[in-house]
file run.pdb (PDB, C-alpha atoms and all ligand atoms)
ATOM      1  CA  MET I  21      46.164 191.950 103.742
ATOM      2  CA  GLU I  22      49.348 193.852 104.408
ATOM      3  CA  ILE I  23      51.202 191.849 101.834
ATOM      4  CA  ILE I  24      48.559 192.397  99.178
ATOM      5  CA  PHE I  25      48.695 196.123  99.871
ATOM      6  CA  LEU I  26      52.477 196.226  99.614
ATOM      7  CA  ILE I  27      52.848 194.239  96.429
ATOM      8  CA  SER I  28      50.142 196.107  94.530
ATOM      9  CA  SER I  29      51.592 198.905  92.397
ATOM     10  CA  PRO I  30      51.614 202.394  93.860
ATOM     11  CA  PRO I  31      49.338 205.082  92.486
ATOM     12  CA  SER I  32      50.996 206.891  89.601
ATOM     13  CA  ASP I  33      50.759 210.344  91.191
ATOM     14  CA  VAL I  34      52.959 209.608  94.237
ATOM     15  CA  TYR I  35      56.366 211.204  94.658
ATOM     16  CA  PRO I  36      59.353 209.368  93.158
ATOM     17  CA  ALA I  37      60.798 208.641  96.618
ATOM     18  CA  VAL I  38      57.541 207.018  97.649
ATOM     19  CA  ARG I  39      57.405 205.040  94.419
ATOM     20  CA  HIS I  40      60.946 203.891  95.161
ATOM     21  CA  TYR I  41      59.843 202.813  98.616
ATOM     22  CA  PHE I  42      56.987 200.804  97.098
ATOM     23  CA  PHE I  43      59.419 199.182  94.702
ATOM     24  CA  LEU I  44      61.871 198.190  97.464
ATOM     25  CA  ASN I  45      59.001 196.732  99.460
ATOM     26  CA  PHE I  46      57.862 194.841  96.409
ATOM     27  CA  LEU I  47      61.313 193.259  96.040
ATOM     28  CA  LEU I  48      61.619 192.488  99.729
ATOM     29  CA  ILE I  49      58.148 191.004 100.134
ATOM     30  CA  ASN I  50      58.471 189.044  96.906
ATOM     31  CA  ASN I  51      61.709 187.537  98.157
ATOM     32  CA  LEU I  52      60.127 186.697 101.492
ATOM     33  CA  ILE I  53      57.208 184.946  99.832
ATOM     34  CA  LYS I  54      59.570 183.003  97.588
ATOM     35  CA  MET I  55      61.761 181.998 100.515
ATOM     36  CA  MET I  56      58.874 181.042 102.799
ATOM     37  CA  SER I  57      57.199 178.938 100.159
ATOM     38  CA  LYS I  58      60.397 176.931  99.672
ATOM     39  CA  VAL I  59      60.951 176.090 103.347
ATOM     40  CA  ILE I  60      59.959 172.456 103.778
ATOM     41  CA  ILE I  61      57.965 171.551 106.892
ATOM     42  CA  LYS I  62      59.006 168.038 107.894
ATOM     43  CA  ASN I  63      56.443 165.411 108.908
ATOM     44  CA  SER I  64      56.913 163.130 111.910
ATOM     45  CA  ALA I  65      58.430 160.297 109.850
ATOM     46  CA  GLN I  66      61.015 162.674 108.363
ATOM     47  CA  ILE I  67      61.712 164.159 111.803
ATOM     48  CA  GLU I  68      62.335 160.711 113.276
ATOM     49  CA  LYS I  69      64.895 160.041 110.539
ATOM     50  CA  MET I  70      66.530 163.413 111.128
ATOM     51  CA  ARG I  71      66.910 162.562 114.818
ATOM     52  CA  ILE I  72      68.841 159.463 113.791
ATOM     53  CA  ALA I  73      71.038 161.293 111.251
ATOM     54  CA  GLY I  74      71.695 164.077 113.775
ATOM     55  CA  LYS I  75      72.671 161.588 116.458
ATOM     56  CA  ILE I  76      75.141 159.870 114.143
ATOM     57  CA  ALA I  77      76.768 163.195 113.182
ATOM     58  CA  ALA I  78      77.117 164.039 116.911
ATOM     59  CA  GLU I  79      78.601 160.599 117.607
ATOM     60  CA  VAL I  80      81.261 161.108 114.928
ATOM     61  CA  ILE I  81      82.455 164.246 116.747
ATOM     62  CA  GLU I  82      82.411 162.431 120.108
ATOM     63  CA  MET I  83      84.279 159.467 118.669
ATOM     64  CA  ILE I  84      87.069 161.576 117.088
ATOM     65  CA  ALA I  85      87.719 163.754 120.168
ATOM     66  CA  PRO I  86      90.491 161.608 121.744
ATOM     67  CA  TYR I  87      92.406 161.521 118.425
ATOM     68  CA  VAL I  88      92.620 165.309 118.087
ATOM     69  CA  LYS I  89      96.174 165.697 119.426
ATOM     70  CA  ALA I  90      99.414 167.393 118.355
ATOM     71  CA  GLY I  91     101.172 165.361 115.638
ATOM     72  CA  VAL I  92      98.112 163.779 114.033
ATOM     73  CA  THR I  93      97.426 164.721 110.413
ATOM     74  CA  THR I  94      94.003 165.957 109.389
ATOM     75  CA  GLN I  95      93.958 163.125 106.810
ATOM     76  CA  GLU I  96      94.327 160.551 109.585
ATOM     77  CA  LEU I  97      91.373 162.100 111.410
ATOM     78  CA  ASP I  98      89.306 162.085 108.216
ATOM     79  CA  ASP I  99      90.124 158.401 107.583
ATOM     80  CA  ILE I 100      88.997 157.423 111.093
ATOM     81  CA  MET I 101      85.731 159.353 110.702
ATOM     82  CA  LEU I 102      84.990 157.885 107.260
ATOM     83  CA  LYS I 103      85.474 154.352 108.566
ATOM     84  CA  PHE I 104      83.225 155.062 111.579
ATOM     85  CA  ILE I 105      80.465 156.622 109.441
ATOM     86  CA  GLU I 106      80.443 153.867 106.840
ATOM     87  CA  GLU I 107      81.347 150.728 108.790
ATOM     88  CA  ASP I 108      80.050 151.412 112.299
ATOM     89  CA  ARG I 109      76.981 153.505 111.518
ATOM     90  CA  HIS I 110      76.196 152.343 107.969
ATOM     91  CA  ALA I 111      75.733 155.945 106.932
ATOM     92  CA  ILE I 112      77.128 158.132 104.153
ATOM     93  CA  SER I 113      79.323 161.233 104.294
ATOM     94  CA  ALA I 114      77.328 164.042 102.668
ATOM     95  CA  CYS I 115      80.515 166.005 101.908
ATOM     96  CA  LEU I 116      82.411 163.321  99.983
ATOM     97  CA  GLY I 117      81.755 164.136  96.323
ATOM     98  CA  TYR I 118      79.491 167.116  97.126
ATOM     99  CA  HIS I 119      80.164 169.517  94.222
ATOM    100  CA  GLY I 120      83.425 167.607  93.840
ATOM    101  CA  TYR I 121      84.563 167.974  97.482
ATOM    102  CA  PRO I 122      87.261 165.312  97.901
ATOM    103  CA  LYS I 123      87.071 164.266 101.598
ATOM    104  CA  CYS I 124      84.662 162.946 104.215
ATOM    105  CA  THR I 125      84.762 165.919 106.601
ATOM    106  CA  CYS I 126      85.953 169.524 106.769
ATOM    107  CA  ILE I 127      88.820 170.250 109.169
ATOM    108  CA  SER I 128      89.573 173.959 109.533
ATOM    109  CA  VAL I 129      92.675 174.972 111.515
ATOM    110  CA  ASN I 130      93.382 178.469 112.987
ATOM    111  CA  GLU I 131      92.840 181.076 110.222
ATOM    112  CA  VAL I 132      90.829 178.614 108.132
ATOM    113  CA  VAL I 133      87.220 179.736 108.484
ATOM    114  CA  CYS I 134      85.522 176.684 106.949
ATOM    115  CA  HIS I 135      85.826 173.967 104.279
ATOM    116  CA  GLY I 136      89.405 173.038 105.220
ATOM    117  CA  ILE I 137      90.316 169.920 103.248
ATOM    118  CA  PRO I 138      91.940 167.110 105.285
ATOM    119  CA  GLY I 139      95.484 166.355 104.118
ATOM    120  CA  ASN I 140      99.083 165.898 105.244
ATOM    121  CA  HIS I 141      98.926 168.915 107.534
ATOM    122  CA  LYS I 142      99.884 167.996 111.136
ATOM    123  CA  LEU I 143      98.148 169.525 114.149
ATOM    124  CA  HIS I 144     100.368 171.521 116.520
ATOM    125  CA  ASN I 145     100.184 172.554 120.144
ATOM    126  CA  GLY I 146      98.080 175.737 120.358
ATOM    127  CA  ASP I 147      96.013 175.114 117.220
ATOM    128  CA  ILE I 148      92.271 175.705 117.305
ATOM    129  CA  VAL I 149      90.513 173.233 115.039
ATOM    130  CA  ASN I 150      86.972 172.954 113.700
ATOM    131  CA  ILE I 151      85.725 169.532 112.667
ATOM    132  CA  ASP I 152      82.530 169.666 110.607
ATOM    133  CA  VAL I 153      80.630 166.455 109.923
ATOM    134  CA  THR I 154      77.576 165.937 107.736
ATOM    135  CA  VAL I 155      76.091 162.473 107.339
ATOM    136  CA  ILE I 156      73.180 161.035 105.408
ATOM    137  CA  LYS I 157      71.218 158.215 107.008
ATOM    138  CA  ASP I 158      68.054 156.823 105.451
ATOM    139  CA  GLY I 159      67.913 159.811 103.071
ATOM    140  CA  MET I 160      68.168 162.484 105.782
ATOM    141  CA  HIS I 161      71.058 164.807 106.646
ATOM    142  CA  GLY I 162      72.589 165.675 110.019
ATOM    143  CA  ASP I 163      75.174 168.492 110.134
ATOM    144  CA  THR I 164      77.268 169.605 113.111
ATOM    145  CA  SER I 165      80.677 170.994 114.003
ATOM    146  CA  LYS I 166      82.792 171.655 117.065
ATOM    147  CA  MET I 167      86.046 173.416 117.937
ATOM    148  CA  PHE I 168      88.924 171.503 119.509
ATOM    149  CA  ILE I 169      91.910 173.113 121.219
ATOM    150  CA  VAL I 170      95.190 171.264 120.729
ATOM    151  CA  GLY I 171      97.198 171.382 123.990
ATOM    152  CA  GLN I 172      97.607 174.929 125.312
ATOM    153  CA  THR I 173      96.531 177.969 123.327
ATOM    154  CA  SER I 174      96.460 181.747 123.868
ATOM    155  CA  PRO I 175      93.829 183.381 126.117
ATOM    156  CA  ARG I 176      92.459 185.202 123.036
ATOM    157  CA  ASN I 177      92.019 181.912 121.145
ATOM    158  CA  HIS I 178      90.316 180.396 124.177
ATOM    159  CA  GLN I 179      87.966 183.347 124.330
ATOM    160  CA  LEU I 180      87.206 183.154 120.592
ATOM    161  CA  VAL I 181      86.241 179.496 120.910
ATOM    162  CA  LYS I 182      84.183 180.021 124.064
ATOM    163  CA  VAL I 183      82.342 183.067 122.727
ATOM    164  CA  THR I 184      81.523 181.346 119.418
ATOM    165  CA  GLN I 185      79.945 178.433 121.279
ATOM    166  CA  GLU I 186      78.013 180.843 123.520
ATOM    167  CA  ALA I 187      76.802 182.712 120.432
ATOM    168  CA  LEU I 188      75.494 179.475 118.898
ATOM    169  CA  TYR I 189      73.764 178.496 122.138
ATOM    170  CA  ALA I 190      72.177 181.929 122.553
ATOM    171  CA  ALA I 191      70.886 181.840 118.975
ATOM    172  CA  ILE I 192      69.434 178.342 119.497
ATOM    173  CA  ARG I 193      67.665 179.543 122.662
ATOM    174  CA  ALA I 194      66.060 182.368 120.651
ATOM    175  CA  MET I 195      64.478 179.973 118.119
ATOM    176  CA  GLY I 196      60.871 178.828 118.418
ATOM    177  CA  PRO I 197      57.464 178.908 116.728
ATOM    178  CA  ASN I 198      56.379 182.369 115.570
ATOM    179  CA  ARG I 199      59.859 183.729 116.313
ATOM    180  CA  ASN I 200      61.737 185.418 113.505
ATOM    181  CA  LEU I 201      64.847 183.801 112.050
ATOM    182  CA  VAL I 202      66.603 187.215 112.013
ATOM    183  CA  GLU I 203      66.846 186.836 115.800
ATOM    184  CA  ALA I 204      69.631 184.277 115.285
ATOM    185  CA  GLY I 205      71.814 186.857 113.570
ATOM    186  CA  ARG I 206      70.865 189.559 116.046
ATOM    187  CA  VAL I 207      71.892 187.512 119.074
ATOM    188  CA  ILE I 208      75.141 186.289 117.470
ATOM    189  CA  GLN I 209      76.175 189.767 116.289
ATOM    190  CA  GLN I 210      75.485 191.222 119.732
ATOM    191  CA  ILE I 211      77.673 188.646 121.498
ATOM    192  CA  ALA I 212      80.449 189.011 118.905
ATOM    193  CA  ASN I 213      80.418 192.816 119.228
ATOM    194  CA  ALA I 214      80.546 192.649 123.019
ATOM    195  CA  ASN I 215      83.759 190.620 122.735
ATOM    196  CA  ASN I 216      85.389 192.513 119.855
ATOM    197  CA  PHE I 217      85.047 189.654 117.413
ATOM    198  CA  SER I 218      83.615 189.915 113.907
ATOM    199  CA  VAL I 219      80.946 187.745 112.264
ATOM    200  CA  VAL I 220      81.623 186.095 108.888
ATOM    201  CA  ARG I 221      79.102 187.316 106.315
ATOM    202  CA  ASP I 222      79.906 185.236 103.241
ATOM    203  CA  TYR I 223      78.817 181.839 104.624
ATOM    204  CA  CYS I 224      75.620 181.030 106.426
ATOM    205  CA  GLY I 225      73.534 178.272 107.980
ATOM    206  CA  HIS I 226      70.855 176.513 105.966
ATOM    207  CA  GLY I 227      67.684 174.493 105.918
ATOM    208  CA  ILE I 228      68.435 170.763 105.944
ATOM    209  CA  GLY I 229      66.577 167.491 105.465
ATOM    210  CA  GLU I 230      66.473 165.398 102.328
ATOM    211  CA  GLY I 231      68.672 168.178 100.924
ATOM    212  CA  PHE I 232      72.068 169.144 102.366
ATOM    213  CA  HIS I 233      71.475 172.857 101.774
ATOM    214  CA  GLU I 234      67.781 173.780 101.641
ATOM    215  CA  GLU I 235      65.949 177.064 102.206
ATOM    216  CA  PRO I 236      66.102 179.139 104.340
ATOM    217  CA  GLN I 237      69.508 180.798 104.521
ATOM    218  CA  VAL I 238      70.449 181.423 108.132
ATOM    219  CA  VAL I 239      72.598 184.529 108.312
ATOM    220  CA  HIS I 240      74.656 185.073 111.421
ATOM    221  CA  TYR I 241      75.142 188.864 111.215
ATOM    222  CA  TYR I 242      72.821 191.760 111.963
ATOM    223  CA  PRO I 243      71.134 193.774 110.659
ATOM    224  CA  ASN I 244      69.975 191.514 107.859
ATOM    225  CA  PRO I 245      66.811 191.427 105.743
ATOM    226  CA  TYR I 246      66.215 187.653 105.828
ATOM    227  CA  SER I 247      63.013 187.734 107.799
ATOM    228  CA  LEU I 248      61.219 184.412 108.252
ATOM    229  CA  ILE I 249      58.550 183.470 110.775
ATOM    230  CA  LEU I 250      59.466 180.049 112.141
ATOM    231  CA  LYS I 251      56.956 177.208 112.259
ATOM    232  CA  PRO I 252      57.022 173.757 113.914
ATOM    233  CA  GLY I 253      58.602 171.165 111.619
ATOM    234  CA  MET I 254      61.211 173.495 110.121
ATOM    235  CA  THR I 255      64.750 172.101 110.348
ATOM    236  CA  PHE I 256      67.879 174.151 109.789
ATOM    237  CA  THR I 257      71.447 174.649 110.948
ATOM    238  CA  ILE I 258      72.925 177.560 112.833
ATOM    239  CA  GLU I 259      76.697 177.686 112.363
ATOM    240  CA  PRO I 260      78.256 181.025 113.302
ATOM    241  CA  MET I 261      81.845 181.737 112.283
ATOM    242  CA  LEU I 262      83.498 184.400 114.453
ATOM    243  CA  ASN I 263      86.862 185.958 113.599
ATOM    244  CA  ALA I 264      89.449 187.552 115.869
ATOM    245  CA  GLY I 265      90.084 190.260 113.231
ATOM    246  CA  THR I 266      88.197 191.246 110.103
ATOM    247  CA  TRP I 267      85.015 189.457 108.966
ATOM    248  CA  LYS I 268      86.420 189.416 105.442
ATOM    249  CA  VAL I 269      87.462 186.079 104.009
ATOM    250  CA  LYS I 270      89.391 184.716 101.027
ATOM    251  CA  ILE I 271      88.862 181.539  99.097
ATOM    252  CA  ASN I 272      91.863 179.467  98.021
ATOM    253  CA  HIS I 273      91.715 179.481  94.238
ATOM    254  CA  LYS I 274      94.089 176.513  93.938
ATOM    255  CA  ASP I 275      91.815 174.029  95.694
ATOM    256  CA  GLY I 276      88.565 175.970  95.219
ATOM    257  CA  TRP I 277      87.403 175.201  98.787
ATOM    258  CA  THR I 278      89.560 176.409 101.672
ATOM    259  CA  VAL I 279      88.204 179.650 103.143
ATOM    260  CA  THR I 280      90.608 181.696 105.296
ATOM    261  CA  THR I 281      90.327 185.031 107.057
ATOM    262  CA  ALA I 282      91.589 187.898 104.866
ATOM    263  CA  ASP I 283      93.985 189.032 107.634
ATOM    264  CA  LYS I 284      95.116 185.504 108.666
ATOM    265  CA  GLN I 285      93.837 185.984 112.218
ATOM    266  CA  PRO I 286      92.078 182.964 113.749
ATOM    267  CA  SER I 287      88.442 181.982 113.242
ATOM    268  CA  ALA I 288      86.107 179.694 115.200
ATOM    269  CA  GLN I 289      82.838 177.934 114.357
ATOM    270  CA  PHE I 290      80.260 175.718 116.047
ATOM    271  CA  GLU I 291      77.230 174.194 114.315
ATOM    272  CA  HIS I 292      74.041 172.385 115.268
ATOM    273  CA  THR I 293      71.040 171.109 113.317
ATOM    274  CA  ILE I 294      67.795 172.116 115.035
ATOM    275  CA  LEU I 295      64.069 171.390 114.707
ATOM    276  CA  ILE I 296      61.411 173.985 115.504
ATOM    277  CA  THR I 297      58.874 172.418 117.911
ATOM    278  CA  GLU I 298      55.523 173.593 119.346
ATOM    279  CA  THR I 299      57.279 175.231 122.307
ATOM    280  CA  GLY I 300      60.789 176.079 121.120
ATOM    281  CA  CYS I 301      63.312 173.878 119.446
ATOM    282  CA  GLU I 302      65.076 170.525 119.653
ATOM    283  CA  VAL I 303      68.827 170.168 119.107
ATOM    284  CA  LEU I 304      69.082 167.186 116.767
ATOM    285  CA  THR I 305      72.897 167.006 116.897
ATOM    286  CA  LEU I 306      73.320 167.353 120.677
ATOM    287  CA  ARG I 307      76.404 165.666 122.176
ATOM    288  CA  ALA I 308      76.369 163.994 125.610
ATOM    289  CA  GLU I 309      78.700 166.712 126.991
ATOM    290  CA  GLU I 310      76.028 169.317 126.132
ATOM    291  CA  GLU I 311      73.131 167.700 127.988
ATOM    292  CA  GLU I 312      73.686 169.958 131.013
ATOM    293  CA  THR I 313      74.950 173.107 129.288
ATOM    294  CA  LEU I 314      72.483 173.286 126.386
ATOM    295  CA  GLY I 315      69.966 170.425 126.601
ATOM    296  CA  ARG I 316      68.039 168.755 123.803
ATOM    297  CA  TYR I 317      64.619 170.362 124.260
ATOM    298  CA  ILE I 318      64.731 174.129 124.489
ATOM    299  CA  THR I 319      61.694 176.123 125.579
ATOM    300  CA  CYS I 320      61.769 179.509 123.926
ATOM    301  CA  LYS I 321      61.259 182.276 126.497
TER     302      LYS I 321
HETATM  303  N1  LIG P   1      79.205 171.004 106.521
HETATM  304  C1  LIG P   1      79.287 172.258 105.830
HETATM  305  C2  LIG P   1      78.096 173.067 106.262
HETATM  306  O1  LIG P   1      77.960 173.264 107.422
HETATM  307  C3  LIG P   1      79.314 172.115 104.361
HETATM  308  C4  LIG P   1      80.496 171.416 103.846
HETATM  309  S1  LIG P   1      80.320 171.230 102.171
HETATM  310  C5  LIG P   1      81.751 170.507 101.717
HETATM  311  O2  LIG P   1      77.230 173.463 105.557
HETATM  312  F1  LIG P   1      81.574 170.146 100.506
HETATM  313  F2  LIG P   1      82.732 171.386 101.864
HETATM  314  F3  LIG P   1      81.988 169.477 102.491
HETATM  315 CO    CO P   2      75.886 173.329 107.687
HETATM  316 CO    CO P   3      78.538 171.600 108.624
END
call {"tool": "encode", "arguments": {"input": "run.pdb", "output": "structure tokens", "more": "lines below"}}
Ligand code: MF3
Ligand code: CO
Ligand code: CO
result
Amino acid sequence: MEIIFLISSPPSDVYPAVRHYFFLNFLLINNLIKMMSKVIIKNSAQIEKMRIAGKIAAEVIEMIAPYVKAGVTTQELDDIMLKFIEEDRHAISACLGYHGYPKCTCISVNEVVCHGIPGNHKLHNGDIVNIDVTVIKDGMHGDTSKMFIVGQTSPRNHQLVKVTQEALYAAIRAMGPNRNLVEAGRVIQQIANANNFSVVRDYCGHGIGEGFHEEPQVVHYYPNPYSLILKPGMTFTIEPMLNAGTWKVKINHKDGWTVTTADKQPSAQFEHTILITETGCEVLTLRAEEEETLGRYITCK
């Protein structure tokens, strides 16, 4: 009823400001309807496959952990992960060849925000490193990323990594049926602000399933207008990127992929793929080390 009222045209005798208000509402509500109608609700067979894809993506991160040491090149790490995905898990890297992306994973070091391309670059003591893995198994995607600290790093870097993980966990705990997706951004922005970090605005989380990047967009900042009432069977990622300095980013025009902070200060990111359940959500890409701290089945309070 409310929607019908808002999208019907305003009476012609209303003040211009009111007409403008009607028009803005029309745009907003129209966008919401478009977005909601494109969000795919997964059935139980699809969900079962997503559990498997999510588990494999998590296992890749667990498997690579002992190799993330000073002196290793990001190419060597990528090679090990590709072999594991293809030969051990008989899965596919979703990134390799995605819009021409040349490698199996994204490895983003220090001021690299996301989409770092593995190469000859060696890791050094003090680096903070994001490894982002997306696999396809049986037609379904699983997408997750984690920060690694190489050796000893600064207290500020430690805090950036810790706070980014806390922000992801807090956002996950806020997700459940009949909750609004904007809550994710609200919770993340609040935690970032409290710690004097900024939230990247140009890249967001996404619906996921048969598609790598489906509707909805999951924005990590607040306020934002991307309202969506969550329903059981929705699957999407939350993947906040927090920066030590400005939220502004730059894309490397030579390779077309690497995103860095505009001020070259460090950036951190964590990502999980989640499923909205009847009572809250399920973390499809949970690692064993997170069973105590986060847990797979989250009851939304
Ligand atoms: N895994 C990234 C995400 O979280 C996307 C990487 S796309 C690539 O959405 F092409 F850069 F690999
Ligand atoms: Co993602
Ligand atoms: Co990812």
call {"tool": "closest_residue", "arguments": {"input": "run.pdb", "among": "I:Ala191, I:Ile49, I:Ala78, I:Ile67", "to": "I:Leu306", "atoms": "all atoms listed in the file"}}
result
I:Ala78
call {"tool": "resolve_selection", "arguments": {"input": "run.pdb", "expression": "the PyMOL selection byres (((chain I and resi 167) around 6) and not hetatm)", "output": "ChimeraX atom specification"}}
result
/I:149-150,166,168
call {"tool": "residues_near_ligand", "arguments": {"input": "run.pdb", "ligand": "ligand LIG 1 (chain P)", "cutoff": "6 Å", "atoms": "all atoms listed in the file", "output": "NGL selection string"}}
result
:I and (115 or 118 or 121 or 126 or 135 or 152-154 or 163)
call {"tool": "closest_residue", "arguments": {"input": "run.pdb", "among": "I:Gln209, I:Thr293, I:Gln285, I:Asn263", "to": "I:Gly229", "atoms": "all atoms listed in the file"}}
result
I:Thr293
call {"tool": "resolve_selection", "arguments": {"input": "run.pdb", "expression": "the PyMOL selection byres (((not hetatm)) within 12 of (chain P and resi 3))", "output": "ChimeraX atom specification"}}
result
/I:74,77-78,81,113-115,124-128,133-136,150-155,161-166,223-228,232-233,256-261,289-293,305
call {"tool": "closest_residue", "arguments": {"input": "run.pdb", "among": "I:Gly120, I:Pro245, I:Gly265, I:Gly196", "to": "I:Phe217", "atoms": "all atoms listed in the file"}}
result
I:Gly265
call {"tool": "residues_around", "arguments": {"input": "run.pdb", "residues": "I:Thr280", "least_positions_apart": "2", "cutoff": "9 Å", "atoms": "all atoms listed in the file", "output": "list in words"}}
result
Ser128, Asn130, Glu131, Val132, Val133, Cys134, Gly136, Lys268, Val269, Lys270, Ile271, Asn272, Thr278, Ala282, Asp283, Lys284, Gln285, Pro286 and Ser287 of chain I
call {"tool": "closest_residue", "arguments": {"input": "run.pdb", "among": "I:Asp108, I:Glu312, I:Glu235, I:Asp147", "to": "ligand CO 2 (chain P)", "atoms": "only C-alpha atoms and all ligand atoms"}}
result
I:Glu235
call {"tool": "residues_around", "arguments": {"input": "run.pdb", "residues": "I:Glu230", "least_positions_apart": "6", "cutoff": "10 Å", "atoms": "only C-alpha atoms", "output": "compact mmCIF listing (two decimals) with C-alpha atoms, in the frame of the given file"}}
result
# COMPACT_ATOMS: atom_id res chain seq x y z
CA ILE I 60 59.96 172.46 103.78
CA LYS I 62 59.01 168.04 107.89
CA GLN I 66 61.02 162.67 108.36
CA LYS I 69 64.90 160.04 110.54
CA MET I 70 66.53 163.41 111.13
CA ILE I 156 73.18 161.04 105.41
CA LYS I 157 71.22 158.22 107.01
CA ASP I 158 68.05 156.82 105.45
CA GLY I 159 67.91 159.81 103.07
CA MET I 160 68.17 162.48 105.78
CA HIS I 161 71.06 164.81 106.65
CA GLY I 162 72.59 165.68 110.02
call {"tool": "atom_distance", "arguments": {"input": "run.pdb", "atom1": "atom CA of I:Gln179", "atom2": "atom CA of I:Gly146"}}
result
13.3 Å
call {"tool": "atom_distance", "arguments": {"input": "run.pdb", "atom1": "atom CA of I:Asn198", "atom2": "atom CA of I:Gly231"}}
result
23.8 Å
call {"tool": "closest_residue", "arguments": {"input": "run.pdb", "among": "I:Val239, I:Ala264, I:Ala90, I:Ala190", "to": "ligand CO 2 (chain P)", "atoms": "all atoms listed in the file"}}
result
I:Val239
call {"tool": "closest_residue", "arguments": {"input": "run.pdb", "among": "I:Tyr246, I:Val129, I:Arg307, I:Thr299", "to": "I:Val279", "atoms": "all atoms listed in the file"}}
result
I:Val129
call {"tool": "atom_distance", "arguments": {"input": "run.pdb", "atom1": "atom CA of I:Leu180", "atom2": "atom CA of I:Glu310"}}
result
18.6 Å
call {"tool": "decode", "arguments": {"input": "run.pdb", "residues": "stretch 230-248 of chain I", "atoms": "N, CA and C atoms", "output": "PDB file, in the first residue's frame"}}
result
ATOM      1  N   GLU I 230      25.153 -18.898  -8.223  1.00  0.00           N
ATOM      2  CA  GLU I 230      25.596 -19.315  -9.556  1.00  0.00           C
ATOM      3  C   GLU I 230      26.429 -18.202 -10.185  1.00  0.00           C
ATOM      4  N   GLY I 231      26.124 -16.967  -9.839  1.00  0.00           N
ATOM      5  CA  GLY I 231      26.910 -15.809 -10.277  1.00  0.00           C
ATOM      6  C   GLY I 231      27.953 -15.444  -9.240  1.00  0.00           C
ATOM      7  N   PHE I 232      29.074 -14.883  -9.707  1.00  0.00           N
ATOM      8  CA  PHE I 232      30.136 -14.399  -8.809  1.00  0.00           C
ATOM      9  C   PHE I 232      29.624 -13.135  -8.108  1.00  0.00           C
ATOM     10  N   HIS I 233      29.122 -12.185  -8.913  1.00  0.00           N
ATOM     11  CA  HIS I 233      28.633 -10.931  -8.350  1.00  0.00           C
ATOM     12  C   HIS I 233      27.172 -10.744  -8.743  1.00  0.00           C
ATOM     13  N   GLU I 234      26.281 -11.100  -7.809  1.00  0.00           N
ATOM     14  CA  GLU I 234      24.836 -10.975  -8.036  1.00  0.00           C
ATOM     15  C   GLU I 234      24.322  -9.777  -7.235  1.00  0.00           C
ATOM     16  N   GLU I 235      23.035  -9.470  -7.410  1.00  0.00           N
ATOM     17  CA  GLU I 235      22.374  -8.509  -6.515  1.00  0.00           C
ATOM     18  C   GLU I 235      22.218  -9.191  -5.156  1.00  0.00           C
ATOM     19  N   PRO I 236      22.196  -8.513  -4.048  1.00  0.00           N
ATOM     20  CA  PRO I 236      22.291  -7.057  -3.914  1.00  0.00           C
ATOM     21  C   PRO I 236      23.745  -6.587  -3.780  1.00  0.00           C
ATOM     22  N   GLN I 237      23.951  -5.277  -3.869  1.00  0.00           N
ATOM     23  CA  GLN I 237      25.217  -4.684  -3.474  1.00  0.00           C
ATOM     24  C   GLN I 237      25.198  -4.537  -1.954  1.00  0.00           C
ATOM     25  N   VAL I 238      26.310  -4.865  -1.341  1.00  0.00           N
ATOM     26  CA  VAL I 238      26.406  -4.752   0.118  1.00  0.00           C
ATOM     27  C   VAL I 238      27.388  -3.633   0.439  1.00  0.00           C
ATOM     28  N   VAL I 239      26.881  -2.467   0.763  1.00  0.00           N
ATOM     29  CA  VAL I 239      27.783  -1.346   1.012  1.00  0.00           C
ATOM     30  C   VAL I 239      28.188  -1.332   2.483  1.00  0.00           C
ATOM     31  N   HIS I 240      29.428  -0.956   2.700  1.00  0.00           N
ATOM     32  CA  HIS I 240      30.010  -1.082   4.039  1.00  0.00           C
ATOM     33  C   HIS I 240      30.029   0.244   4.799  1.00  0.00           C
ATOM     34  N   TYR I 241      29.560   1.341   4.161  1.00  0.00           N
ATOM     35  CA  TYR I 241      29.577   2.637   4.833  1.00  0.00           C
ATOM     36  C   TYR I 241      28.145   3.026   5.211  1.00  0.00           C
ATOM     37  N   TYR I 242      28.052   4.110   5.986  1.00  0.00           N
ATOM     38  CA  TYR I 242      26.753   4.570   6.452  1.00  0.00           C
ATOM     39  C   TYR I 242      26.830   6.075   6.661  1.00  0.00           C
ATOM     40  N   PRO I 243      25.779   6.822   6.349  1.00  0.00           N
ATOM     41  CA  PRO I 243      24.503   6.347   5.827  1.00  0.00           C
ATOM     42  C   PRO I 243      24.603   5.908   4.362  1.00  0.00           C
ATOM     43  N   ASN I 244      23.692   5.034   3.993  1.00  0.00           N
ATOM     44  CA  ASN I 244      23.579   4.630   2.588  1.00  0.00           C
ATOM     45  C   ASN I 244      22.125   4.319   2.289  1.00  0.00           C
ATOM     46  N   PRO I 245      21.713   4.435   1.034  1.00  0.00           N
ATOM     47  CA  PRO I 245      20.295   4.267   0.697  1.00  0.00           C
ATOM     48  C   PRO I 245      19.930   2.851   0.231  1.00  0.00           C
ATOM     49  N   TYR I 246      20.854   1.892   0.383  1.00  0.00           N
ATOM     50  CA  TYR I 246      20.604   0.566  -0.203  1.00  0.00           C
ATOM     51  C   TYR I 246      19.812  -0.331   0.734  1.00  0.00           C
ATOM     52  N   SER I 247      18.594   0.073   0.973  1.00  0.00           N
ATOM     53  CA  SER I 247      17.724  -0.660   1.883  1.00  0.00           C
ATOM     54  C   SER I 247      17.262  -1.968   1.245  1.00  0.00           C
ATOM     55  N   LEU I 248      17.330  -3.039   2.008  1.00  0.00           N
ATOM     56  CA  LEU I 248      16.814  -4.335   1.521  1.00  0.00           C
ATOM     57  C   LEU I 248      16.423  -5.165   2.734  1.00  0.00           C
TER      58      LEU I 248
END
